[in-house]
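A.B. asks: Below is my_file_11.cif; it holds mmCIF, C-alpha atoms.
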```
data_upload
#
loop_
_atom_site.label_atom_id
_atom_site.label_comp_id
_atom_site.auth_asym_id
_atom_site.auth_seq_id
_atom_site.Cartn_x
_atom_site.Cartn_y
_atom_site.Cartn_z
CA MET W 1164 0.00 0.00 0.00
CA PRO W 1165 1.52 3.39 -0.97
CA ARG W 1166 2.42 5.88 1.75
CA ASP W 1167 1.90 9.62 1.48
CA ASP W 1168 4.37 12.32 2.53
CA THR W 1169 3.46 11.85 6.20
CA GLY W 1170 4.11 8.09 6.06
CA TYR W 1171 0.42 7.21 6.23
CA ALA W 1172 -0.57 4.10 4.27
CA VAL W 1173 -3.32 5.19 1.85
CA PRO W 1174 -5.61 2.50 0.35
CA VAL W 1175 -5.58 3.84 -3.20
CA PRO W 1176 -7.20 1.48 -5.74
CA GLU W 1177 -5.07 0.11 -8.56
CA ARG W 1178 -7.06 2.19 -11.04
CA VAL W 1179 -8.06 5.69 -10.00
CA ARG W 1180 -11.05 7.24 -11.76
CA ARG W 1181 -12.30 9.93 -9.35
CA VAL W 1182 -10.12 12.50 -7.57
CA VAL W 1183 -11.12 15.35 -5.25
CA SER W 1184 -8.50 17.99 -4.47
CA ILE W 1185 -8.79 20.33 -1.49
CA VAL W 1186 -5.66 22.36 -2.31
CA PRO W 1187 -5.62 24.84 -5.24
CA SER W 1188 -2.12 23.98 -6.47
CA LEU W 1189 -2.84 20.24 -6.34
CA THR W 1190 -6.09 20.85 -8.23
CA GLU W 1191 -4.16 22.56 -11.01
CA THR W 1192 -1.62 19.73 -10.97
CA VAL W 1193 -4.28 17.09 -11.63
CA ALA W 1194 -6.37 19.24 -13.98
CA VAL W 1195 -3.39 19.88 -16.25
CA THR W 1196 -2.03 16.32 -16.04
CA ALA W 1197 -5.14 14.11 -16.06
CA PRO W 1198 -8.26 16.32 -16.25
CA GLU W 1199 -10.60 13.36 -16.69
CA LEU W 1200 -9.87 12.27 -13.11
CA LEU W 1201 -10.83 15.46 -11.29
CA VAL W 1202 -14.42 15.49 -10.00
CA GLY W 1203 -14.22 17.98 -7.11
CA ALA W 1204 -12.22 20.96 -5.86
CA THR W 1205 -12.50 23.83 -3.38
CA ASP W 1206 -14.09 27.18 -4.10
CA TRP W 1207 -10.55 28.64 -4.07
CA CYS W 1208 -9.31 26.39 -6.86
CA THR W 1209 -9.10 28.96 -9.66
CA ARG W 1210 -6.67 27.20 -11.99
CA PRO W 1211 -6.90 26.25 -14.77
CA GLU W 1212 -9.30 28.96 -15.82
CA GLY W 1213 -12.77 27.67 -16.57
CA LEU W 1214 -12.37 24.62 -14.32
CA ASP W 1215 -15.78 22.90 -14.28
CA VAL W 1216 -16.00 20.44 -11.37
CA ALA W 1217 -18.12 20.12 -8.22
CA ARG W 1218 -17.13 22.60 -5.51
CA VAL W 1219 -16.61 21.51 -1.90
CA ARG W 1220 -16.17 24.84 -0.03
CA GLY W 1221 -12.71 25.83 1.25
CA THR W 1222 -9.40 24.31 2.29
CA LYS W 1223 -10.10 24.96 5.98
CA ASN W 1224 -13.83 24.13 5.93
CA PRO W 1225 -14.40 21.46 3.28
CA ASP W 1226 -17.92 20.11 2.86
CA LEU W 1227 -17.26 16.54 3.99
CA GLU W 1228 -20.72 15.29 3.05
CA ARG W 1229 -20.35 16.76 -0.43
CA ILE W 1230 -16.93 15.12 -0.79
CA ALA W 1231 -18.29 11.73 0.30
CA GLY W 1232 -21.13 12.08 -2.19
CA LEU W 1233 -18.65 12.47 -5.02
CA ARG W 1234 -17.35 8.95 -4.26
CA PRO W 1235 -13.66 9.80 -4.69
CA ASP W 1236 -11.05 7.10 -5.11
CA VAL W 1237 -8.70 9.53 -3.37
CA VAL W 1238 -8.74 13.02 -1.86
CA LEU W 1239 -5.58 15.11 -2.22
CA GLY W 1240 -4.57 17.40 0.64
CA ASN W 1241 -1.64 19.21 2.22
CA THR W 1242 -0.49 19.37 5.83
CA GLU W 1243 -0.20 23.18 5.75
CA GLU W 1244 -3.47 23.88 3.95
CA ASN W 1245 -5.87 21.37 5.49
CA ARG W 1246 -6.94 20.67 9.08
CA PRO W 1247 -6.06 17.32 10.68
CA ALA W 1248 -9.62 16.97 12.02
CA ASP W 1249 -11.07 17.10 8.49
CA VAL W 1250 -8.53 14.58 7.23
CA ALA W 1251 -9.30 12.25 10.13
CA ALA W 1252 -13.05 12.55 9.53
CA MET W 1253 -12.71 11.60 5.86
CA ARG W 1254 -10.48 8.65 6.68
CA ALA W 1255 -12.94 7.52 9.36
CA ALA W 1256 -15.64 7.58 6.68
CA GLY W 1257 -13.56 5.24 4.53
CA ILE W 1258 -12.28 7.87 2.07
CA PRO W 1259 -8.60 7.48 1.09
CA VAL W 1260 -6.80 10.78 1.73
CA TRP W 1261 -3.31 11.44 0.37
CA MET W 1262 -1.47 14.18 2.24
CA THR W 1263 1.42 16.14 0.78
CA GLU W 1264 3.99 17.96 2.92
CA ILE W 1265 6.03 20.50 0.99
CA ARG W 1266 8.48 23.04 2.36
CA THR W 1267 11.17 23.21 -0.34
CA VAL W 1268 11.41 23.15 -4.11
CA ASP W 1269 13.03 19.71 -4.06
CA GLU W 1270 10.28 18.38 -1.80
CA ALA W 1271 7.65 19.79 -4.15
CA LEU W 1272 9.14 18.14 -7.22
CA ALA W 1273 9.48 14.76 -5.47
CA SER W 1274 6.09 14.96 -3.75
CA LEU W 1275 4.17 15.82 -6.93
CA ARG W 1276 5.88 13.04 -8.86
CA ARG W 1277 4.99 10.51 -6.16
CA MET W 1278 1.44 11.84 -5.77
CA LEU W 1279 0.70 11.55 -9.47
CA ALA W 1280 2.23 8.09 -9.75
CA GLU W 1281 0.96 6.49 -6.54
CA ALA W 1282 -2.18 8.43 -5.59
CA CYS W 1283 -3.51 9.20 -9.07
CA ARG W 1284 -1.92 6.28 -10.96
CA VAL W 1285 -0.77 8.44 -13.89
CA PRO W 1286 2.72 8.83 -15.42
CA ALA W 1287 4.86 11.87 -14.75
CA PRO W 1288 3.89 14.72 -17.11
CA GLY W 1289 6.23 16.72 -19.29
CA TRP W 1290 5.71 19.91 -17.31
CA LEU W 1291 7.09 18.22 -14.19
CA ASP W 1292 10.25 17.15 -16.01
CA GLU W 1293 10.59 20.72 -17.32
CA ALA W 1294 10.14 22.17 -13.83
CA SER W 1295 12.85 19.85 -12.51
CA ARG W 1296 15.18 20.98 -15.30
CA VAL W 1297 14.65 24.73 -14.90
CA TRP W 1298 15.07 24.65 -11.12
CA ALA W 1299 18.26 22.60 -11.45
CA ASP W 1300 19.62 25.31 -13.77
CA VAL W 1301 18.63 28.36 -11.68
CA SER W 1302 21.35 30.92 -11.14
CA PRO W 1303 20.74 33.18 -8.12
CA GLY W 1304 20.65 36.91 -8.68
CA ALA W 1305 22.50 39.50 -6.62
CA PRO W 1306 22.12 38.68 -2.90
CA ARG W 1307 19.31 40.57 -1.15
CA ARG W 1308 17.96 40.46 2.42
CA ALA W 1309 14.20 40.56 2.40
CA VAL W 1310 11.06 40.55 4.46
CA ILE W 1311 8.15 38.76 2.77
CA PRO W 1312 4.76 39.88 4.09
CA ILE W 1313 1.76 37.69 3.27
CA TRP W 1314 -0.85 39.69 5.20
CA ARG W 1315 -1.52 43.04 6.81
CA ARG W 1316 -3.83 44.03 9.67
CA PRO W 1317 -2.02 42.35 11.34
CA TRP W 1318 1.25 42.14 9.45
CA MET W 1319 2.35 38.54 8.92
CA VAL W 1320 5.50 37.41 7.13
CA VAL W 1321 7.11 34.26 5.80
CA GLY W 1322 9.16 32.63 8.56
CA ARG W 1323 11.02 29.34 8.80
CA ASP W 1324 10.75 26.19 6.66
CA THR W 1325 8.46 27.42 3.89
CA PHE W 1326 8.23 26.67 0.19
CA ALA W 1327 8.15 30.40 -0.61
CA GLY W 1328 11.28 30.99 1.43
CA ASP W 1329 13.15 28.25 -0.42
CA VAL W 1330 11.98 29.57 -3.79
CA LEU W 1331 13.40 33.00 -3.00
CA ARG W 1332 16.59 31.58 -1.49
CA ARG W 1333 17.33 29.83 -4.77
CA LEU W 1334 16.91 33.15 -6.55
CA GLY W 1335 19.41 34.91 -4.26
CA VAL W 1336 16.94 36.43 -1.79
CA SER W 1337 17.52 35.51 1.86
CA ASN W 1338 14.57 35.74 4.23
CA VAL W 1339 15.38 37.85 7.29
CA TYR W 1340 12.87 35.81 9.30
CA ALA W 1341 14.05 32.37 8.14
CA GLY W 1342 15.24 31.62 11.68
CA HIS W 1343 12.05 32.67 13.43
CA PRO W 1344 10.42 29.95 15.55
CA ASP W 1345 7.11 30.41 13.72
CA ARG W 1346 6.50 29.60 10.08
CA TYR W 1347 4.26 32.66 9.57
CA PRO W 1348 4.97 35.07 12.43
CA LYS W 1349 3.03 38.23 13.20
CA VAL W 1350 5.53 41.08 13.28
CA PRO W 1351 4.81 44.78 14.02
CA LEU W 1352 5.38 47.10 11.07
CA ASP W 1353 7.98 49.20 12.86
CA GLU W 1354 10.06 46.05 13.43
CA LEU W 1355 9.75 45.05 9.76
CA ASN W 1356 11.16 48.44 8.77
CA ALA W 1357 14.00 48.28 11.31
CA VAL W 1358 15.11 44.66 10.92
CA GLY W 1359 17.83 45.43 8.37
CA ALA W 1360 16.27 44.20 5.14
CA ASP W 1361 17.08 45.92 1.86
CA LEU W 1362 14.09 44.44 0.00
CA VAL W 1363 10.40 43.85 0.63
CA VAL W 1364 8.71 41.11 -1.43
CA LEU W 1365 4.95 41.62 -1.72
CA PRO W 1366 2.95 38.81 -3.38
CA ASP W 1367 -0.59 39.27 -4.66
CA GLU W 1368 -1.91 36.39 -2.56
CA PRO W 1369 -3.05 35.45 0.01
CA TYR W 1370 -3.28 39.19 0.66
CA ALA W 1371 -3.63 41.06 -2.62
CA PHE W 1372 -0.77 43.54 -2.28
CA THR W 1373 -0.62 46.10 -5.11
CA GLY W 1374 1.36 49.21 -5.96
CA ASP W 1375 -1.25 51.22 -4.05
CA ASP W 1376 -1.66 48.86 -1.10
CA GLY W 1377 1.49 47.80 0.73
CA PRO W 1378 4.60 49.57 -0.59
CA GLU W 1379 3.71 52.83 1.17
CA SER W 1380 4.32 51.05 4.50
CA PHE W 1381 8.03 50.60 3.72
CA PRO W 1382 9.48 54.06 2.99
CA GLY W 1383 13.03 53.99 1.66
CA LEU W 1384 13.06 50.26 0.97
CA ASP W 1385 12.97 48.61 -2.44
CA VAL W 1386 9.72 46.75 -2.99
CA ALA W 1387 9.14 43.91 -5.47
CA LEU W 1388 5.54 43.10 -6.38
CA VAL W 1389 5.44 39.43 -7.33
CA SER W 1390 2.96 36.77 -8.37
CA GLY W 1391 1.75 34.77 -5.39
CA ARG W 1392 1.06 31.84 -7.67
CA PHE W 1393 4.69 31.66 -8.81
CA LEU W 1394 5.95 32.19 -5.27
CA THR W 1395 3.71 29.79 -3.34
CA TRP W 1396 2.07 27.29 -5.72
CA TYR W 1397 3.69 23.91 -6.34
CA GLY W 1398 2.48 22.46 -9.63
CA PRO W 1399 2.62 23.39 -13.34
CA SER W 1400 3.48 27.01 -12.44
CA MET W 1401 6.86 25.80 -11.16
CA ALA W 1402 8.14 25.47 -14.73
CA ASP W 1403 7.72 29.21 -15.33
CA ALA W 1404 8.33 30.48 -11.80
CA PRO W 1405 12.12 31.07 -11.87
CA ALA W 1406 12.05 33.29 -14.95
CA ALA W 1407 8.88 35.15 -13.93
CA LEU W 1408 10.01 35.81 -10.36
CA SER W 1409 13.49 36.83 -11.48
CA ARG W 1410 11.94 39.50 -13.71
CA GLN W 1411 9.67 40.72 -10.93
CA LEU W 1412 12.50 40.85 -8.39
CA ALA W 1413 14.68 42.75 -10.85
CA GLY W 1414 11.94 45.38 -11.07
CA ALA W 1415 12.08 46.17 -7.34
CA ARG W 1416 12.03 49.88 -6.55
CA ALA W 1417 11.28 52.34 -3.80
CA TYR W 1418 7.71 53.68 -3.89
#
```
Any chance you could give the structure as C-alpha cells?

C.D. replies:
Amino acid sequence: MPRDDTGYAVPVPERVRRVVSIVPSLTETVAVTAPELLVGATDWCTRPEGLDVARVRGTKNPDLERIAGLRPDVVLGNTEENRPADVAAMRAAGIPVWMTEIRTVDEALASLRRMLAEACRVPAPGWLDEASRVWADVSPGAPRRAVIPIWRRPWMVVGRDTFAGDVLRRLGVSNVYAGHPDRYPKVPLDELNAVGADLVVLPDEPYAFTGDDGPESFPGLDVALVSGRFLTWYGPSMADAPAALSRQLAGARAY
C-alpha cells in the first residue's frame, strides 16, 4: 500500500477514476495532467481557468458530506493547507486521503511526482520534467535580504521552513525571518522596517498587495511586487516560476 508524505498508508485502488483535491495547487496539478480524473475541488481552486467540477467549499472548511457524495477514489490534501480533524473525519468515513507535505522546491518536485504516480496512478507529465530541469539550472541573482509579508492588519510574514522561502533563497533572496520559531509570524510594522532588510517582497496572494496597497508602508526600501502563484504554488506554475520571479524581483524599486 503506498504511503503519502506523512508516512500514512493510503488504500488507493489500482485504477483511479475519481479525484477530489482540497488544495488549489494540487487541483491545477491534476487538472493539467489528467483532467478526466478530477471530480471535485475547493471554491478557491481557480486554476486552470474555466475549471468545471463540483465545488466543496474551502481548504479549511471542506464540505465533507459533499466530498463523500462524489465517491472519490482519493482526496488530495496538504499538511499546511488542510486541518487534521477534516482529514481524520474523511479517513474515518472510509475515504482514502493522500497528504502532501512540501516546504522546499526539491520536496515539491518529489512529492508531486509521487502523488501523481501512486495516488492518481498516472505517469509523470512533461511539465514536471521541465520544472525539474529549470530549477536545477537556476542561477541566483545579486544577494538581497528581504522581508516577505503575506498579510496586513495584522502584518504577517514568511518565517522558517516554507516553500516560498526556499523559492526566494534559490533566486538569491535571503529571508530575514528564516530563523524565526514560527512559520508565519506576526511582526509589528515598525520592526519590519527596522530589521535590516534591503528588500520587501509583496505577493498578490493570500493578501492582494498592489502598488497602491502595501509599498507605502516601507518608505526607503525597495519593494518587489510578485505573483503569489509563482511564489507559493507547487504544480505546473513551477516550470515558469524562476524566470517570472526573477523579472519581478529585478523590477524592485522604492515607492

A.B. asks: Could you tell me which of W:Trp1318, W:Tyr1347, W:Phe1372, W:Tyr1397 comes closest to Ser1274 of chain W if we count all atoms listed in the file?

C.D. replies: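 Between W:Trp1318, W:Tyr1347, W:Phe1372, W:Tyr1397, the residue approaching Ser1274 of chain W most closely is W:Tyr1397.
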
A.B. asks: Using all atoms listed in the file, pick whichever of W:Leu1355, W:Pro1286, W:Tyr1340, W:Pro1366 has the shortest atom-to-atom distance to Trp1314 of chain W.

C.D. replies: W:Pro1366

A.B. asks: Written as a PyMOL selection string, what is the full residue list that the PyMOL selection byres ((chain W and resi 1386-1395) around 9) yields on the file shown?

C.D. replies: chain W and resi 1188+1325-1328+1330-1331+1361-1369+1371-1374+1378+1381+1384-1385+1396-1397+1400-1401+1403-1405+1407-1408+1411-1418

A.B. asks: When distances are computed from only C-alpha atoms, which of W:Val1260, W:Val1336, W:Val1297, W:Asn1224 shows the smallest separation from Leu1272 of chain W?

C.D. replies: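 The answer is W:Val1297, which sits nearest to Leu1272 of chain W.
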
A.B. asks: Could you tell me, as a JSON list (two decimals) with C-alpha atoms, keeping the file's coordinate frame, exactly which residues end up selected when the PyMOL selection byres ((chain W and resi 1175) around 8) is applied to this structure?

C.D. replies:
```json
[["chain", "number", "residue", "atom", "x", "y", "z"],
["W", 1164, "MET", "CA", 0.00, 0.00, 0.00],
["W", 1165, "PRO", "CA", 1.52, 3.39, -0.97],
["W", 1173, "VAL", "CA", -3.32, 5.19, 1.85],
["W", 1174, "PRO", "CA", -5.61, 2.50, 0.35],
["W", 1176, "PRO", "CA", -7.20, 1.48, -5.74],
["W", 1177, "GLU", "CA", -5.07, 0.11, -8.56],
["W", 1179, "VAL", "CA", -8.06, 5.69, -10.00],
["W", 1236, "ASP", "CA", -11.05, 7.10, -5.11],
["W", 1237, "VAL", "CA", -8.70, 9.53, -3.37],
["W", 1259, "PRO", "CA", -8.60, 7.48, 1.09],
["W", 1281, "GLU", "CA", 0.96, 6.49, -6.54],
["W", 1282, "ALA", "CA", -2.18, 8.43, -5.59]]
```

A.B. asks: Hey, can you check how far atom CA of Ser1302 of chain W sits from atom CA of Arg1323 of chain W?

C.D. replies: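 Those two atoms sit 22.5 Å apart.
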
A.B. asks: Using atom CA of Ala1255 of chain W and atom CA of Leu1189 of chain W as the two end points, give the distance in Å to one decimal.

C.D. replies: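 Taking atom CA of Ala1255 of chain W and atom CA of Leu1189 of chain W, their separation equals 22.6 Å.
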
A.B. asks: So that I can see what lies close to Thr1196 of chain W, please list as an MDAnalysis selection string the residues with an atom at most 9 Å from it, counting all atoms listed in the file and leaving out residues fewer than 2 positions away in the same chain.

C.D. replies: chainID W and resid 1191:1194 1198 1279 1285:1290 1399

A.B. asks: Those same residues, written as a tab-separated table (two decimals), in the coordinates of the input with C-alpha atoms?

C.D. replies:
```
chain	number	residue	atom	x	y	z
W	1191	GLU	CA	-4.16	22.56	-11.01
W	1192	THR	CA	-1.62	19.73	-10.97
W	1193	VAL	CA	-4.28	17.09	-11.63
W	1194	ALA	CA	-6.37	19.24	-13.98
W	1198	PRO	CA	-8.26	16.32	-16.25
W	1279	LEU	CA	0.70	11.55	-9.47
W	1285	VAL	CA	-0.77	8.44	-13.89
W	1286	PRO	CA	2.72	8.83	-15.42
W	1287	ALA	CA	4.86	11.87	-14.75
W	1288	PRO	CA	3.89	14.72	-17.11
W	1289	GLY	CA	6.23	16.72	-19.29
W	1290	TRP	CA	5.71	19.91	-17.31
W	1399	PRO	CA	2.62	23.39	-13.34
```

A.B. asks: Run the PyMOL selection byres ((chain W and resi 1349) around 7) mentally over the shown coordinates, then write out the matched residues as a ChimeraX atom specification, using the chain letters and numbers from the document.

C.D. replies: /W:1317-1320,1347-1348,1350-1351

A.B. asks: Pick out the closest residue to Arg1218 of chain W from this set: W:Gly1257, W:Gly1170, W:Gly1398, W:Pro1187. Count all atoms listed in the file.

C.D. replies: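 Answer, going by the shortest atom-to-atom distance: W:Pro1187.
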
A.B. asks: Would you mind telling me which residue in W:Glu1354, W:Asp1269, W:Asp1168, W:Glu1243 lies nearest to Arg1296 of chain W when using only C-alpha atoms?

C.D. replies: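 With only C-alpha atoms as the atom set, the closest residue is W:Asp1269.
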
A.B. asks: Taking all listed atoms of segment 1170-1183 of chain W, build the axis-aligned box, pad each of the six sides by 8 Å, then write its centre and edge lengths in Å to one decimal as AutoDock Vina command-line options.

C.D. replies:
```
--center_x -4.1 --center_y 7.7 --center_z -2.8 --size_x 32.4 --size_y 31.2 --size_z 34.0
```

A.B. asks: In Å, how far is it from atom CA of Leu1200 of chain W to atom CA of Ile1185 of chain W?

C.D. replies: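 For atom CA of Leu1200 of chain W relative to atom CA of Ile1185 of chain W, the distance reads 14.2 Å.
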
A.B. asks: Taking 6 positions as the minimum chain separation for residues in the same chain, which residues sit within 10 Å of Arg1180 of chain W when counting all atoms listed in the file? Answer as number ranges by chain.

C.D. replies: W: 1199-1202, 1234-1237, 1283-1284

A.B. asks: Identify which of the residues W:Ser1295, W:Ser1409, W:Thr1263, W:Thr1209 lies closest to Arg1332 of chain W, counting all atoms listed in the file when measuring atom-to-atom distances.

C.D. replies: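 Going through W:Ser1295, W:Ser1409, W:Thr1263, W:Thr1209 one by one, the smallest distance to Arg1332 of chain W is for W:Ser1409.
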
A.B. asks: Which residues, written as an MDAnalysis selection string, have at least one atom at most 12 Å from Ala1248 of chain W, with all atoms listed in the file counted and residues fewer than 6 positions away on the same chain left out?

C.D. replies: chainID W and resid 1223:1225 1227 1242 1254:1255

A.B. asks: Can you take the partial segment 1226-1259 of chain W, add N, CA and C atoms, and return it as a CSV table (one decimal), keeping the file's coordinate frame?

C.D. replies:
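Output below, filename rebuild-v6.csv:
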```csv
chain,number,residue,atom,x,y,z
W,1226,ASP,N,-16.6,20.7,2.7
W,1226,ASP,CA,-17.9,20.1,2.9
W,1226,ASP,C,-17.7,18.6,2.8
W,1227,LEU,N,-17.6,18.0,3.9
W,1227,LEU,CA,-17.3,16.5,4.0
W,1227,LEU,C,-18.4,15.7,3.4
W,1228,GLU,N,-19.6,16.1,3.6
W,1228,GLU,CA,-20.7,15.3,3.0
W,1228,GLU,C,-20.7,15.4,1.5
W,1229,ARG,N,-20.4,16.6,1.0
W,1229,ARG,CA,-20.4,16.8,-0.4
W,1229,ARG,C,-19.2,15.9,-1.0
W,1230,ILE,N,-18.1,15.9,-0.3
W,1230,ILE,CA,-16.9,15.1,-0.8
W,1230,ILE,C,-17.3,13.6,-0.8
W,1231,ALA,N,-17.9,13.2,0.2
W,1231,ALA,CA,-18.3,11.7,0.3
W,1231,ALA,C,-19.3,11.4,-0.8
W,1232,GLY,N,-20.2,12.3,-1.1
W,1232,GLY,CA,-21.1,12.1,-2.2
W,1232,GLY,C,-20.5,12.0,-3.6
W,1233,LEU,N,-19.3,12.5,-3.7
W,1233,LEU,CA,-18.6,12.5,-5.0
W,1233,LEU,C,-17.9,11.1,-5.2
W,1234,ARG,N,-17.9,10.3,-4.2
W,1234,ARG,CA,-17.4,9.0,-4.3
W,1234,ARG,C,-15.9,8.9,-4.8
W,1235,PRO,N,-15.0,9.7,-4.2
W,1235,PRO,CA,-13.7,9.8,-4.7
W,1235,PRO,C,-12.9,8.5,-4.4
W,1236,ASP,N,-12.0,8.2,-5.4
W,1236,ASP,CA,-11.0,7.1,-5.1
W,1236,ASP,C,-9.9,7.6,-4.2
W,1237,VAL,N,-9.7,8.9,-4.2
W,1237,VAL,CA,-8.7,9.5,-3.4
W,1237,VAL,C,-9.0,11.0,-3.3
W,1238,VAL,N,-8.7,11.6,-2.1
W,1238,VAL,CA,-8.7,13.0,-1.9
W,1238,VAL,C,-7.3,13.5,-1.7
W,1239,LEU,N,-6.9,14.6,-2.3
W,1239,LEU,CA,-5.6,15.1,-2.2
W,1239,LEU,C,-5.6,16.3,-1.3
W,1240,GLY,N,-4.7,16.3,-0.3
W,1240,GLY,CA,-4.6,17.4,0.6
W,1240,GLY,C,-3.1,17.8,0.9
W,1241,ASN,N,-3.0,18.7,1.9
W,1241,ASN,CA,-1.6,19.2,2.2
W,1241,ASN,C,-1.6,19.5,3.7
W,1242,THR,N,-0.5,19.2,4.4
W,1242,THR,CA,-0.5,19.4,5.8
W,1242,THR,C,-0.5,20.8,6.3
W,1243,GLU,N,-0.1,21.8,5.4
W,1243,GLU,CA,-0.2,23.2,5.8
W,1243,GLU,C,-1.6,23.8,5.5
W,1244,GLU,N,-2.2,23.3,4.4
W,1244,GLU,CA,-3.5,23.9,4.0
W,1244,GLU,C,-4.7,23.3,4.6
W,1245,ASN,N,-4.7,22.1,5.0
W,1245,ASN,CA,-5.9,21.4,5.5
W,1245,ASN,C,-5.8,21.0,7.0
W,1246,ARG,N,-6.9,21.0,7.6
W,1246,ARG,CA,-6.9,20.7,9.1
W,1246,ARG,C,-6.9,19.2,9.4
W,1247,PRO,N,-6.1,18.7,10.3
W,1247,PRO,CA,-6.1,17.3,10.7
W,1247,PRO,C,-7.4,16.7,11.0
W,1248,ALA,N,-8.3,17.5,11.7
W,1248,ALA,CA,-9.6,17.0,12.0
W,1248,ALA,C,-10.4,16.6,10.8
W,1249,ASP,N,-10.3,17.4,9.7
W,1249,ASP,CA,-11.1,17.1,8.5
W,1249,ASP,C,-10.5,15.9,7.8
W,1250,VAL,N,-9.2,15.8,7.8
W,1250,VAL,CA,-8.5,14.6,7.2
W,1250,VAL,C,-8.9,13.3,8.0
W,1251,ALA,N,-8.9,13.4,9.3
W,1251,ALA,CA,-9.3,12.2,10.1
W,1251,ALA,C,-10.8,11.9,9.9
W,1252,ALA,N,-11.6,12.8,9.7
W,1252,ALA,CA,-13.0,12.6,9.5
W,1252,ALA,C,-13.3,11.8,8.2
W,1253,MET,N,-12.6,12.3,7.2
W,1253,MET,CA,-12.7,11.6,5.9
W,1253,MET,C,-12.2,10.2,5.9
W,1254,ARG,N,-11.0,10.0,6.6
W,1254,ARG,CA,-10.5,8.6,6.7
W,1254,ARG,C,-11.4,7.7,7.5
W,1255,ALA,N,-12.0,8.3,8.5
W,1255,ALA,CA,-12.9,7.5,9.4
W,1255,ALA,C,-14.2,7.1,8.6
W,1256,ALA,N,-14.5,7.9,7.5
W,1256,ALA,CA,-15.6,7.6,6.7
W,1256,ALA,C,-15.3,6.6,5.5
W,1257,GLY,N,-14.0,6.2,5.5
W,1257,GLY,CA,-13.6,5.2,4.5
W,1257,GLY,C,-13.1,5.9,3.2
W,1258,ILE,N,-12.8,7.2,3.3
W,1258,ILE,CA,-12.3,7.9,2.1
W,1258,ILE,C,-10.8,7.9,2.1
W,1259,PRO,N,-10.1,7.4,1.1
W,1259,PRO,CA,-8.6,7.5,1.1
W,1259,PRO,C,-8.2,8.9,0.9
```
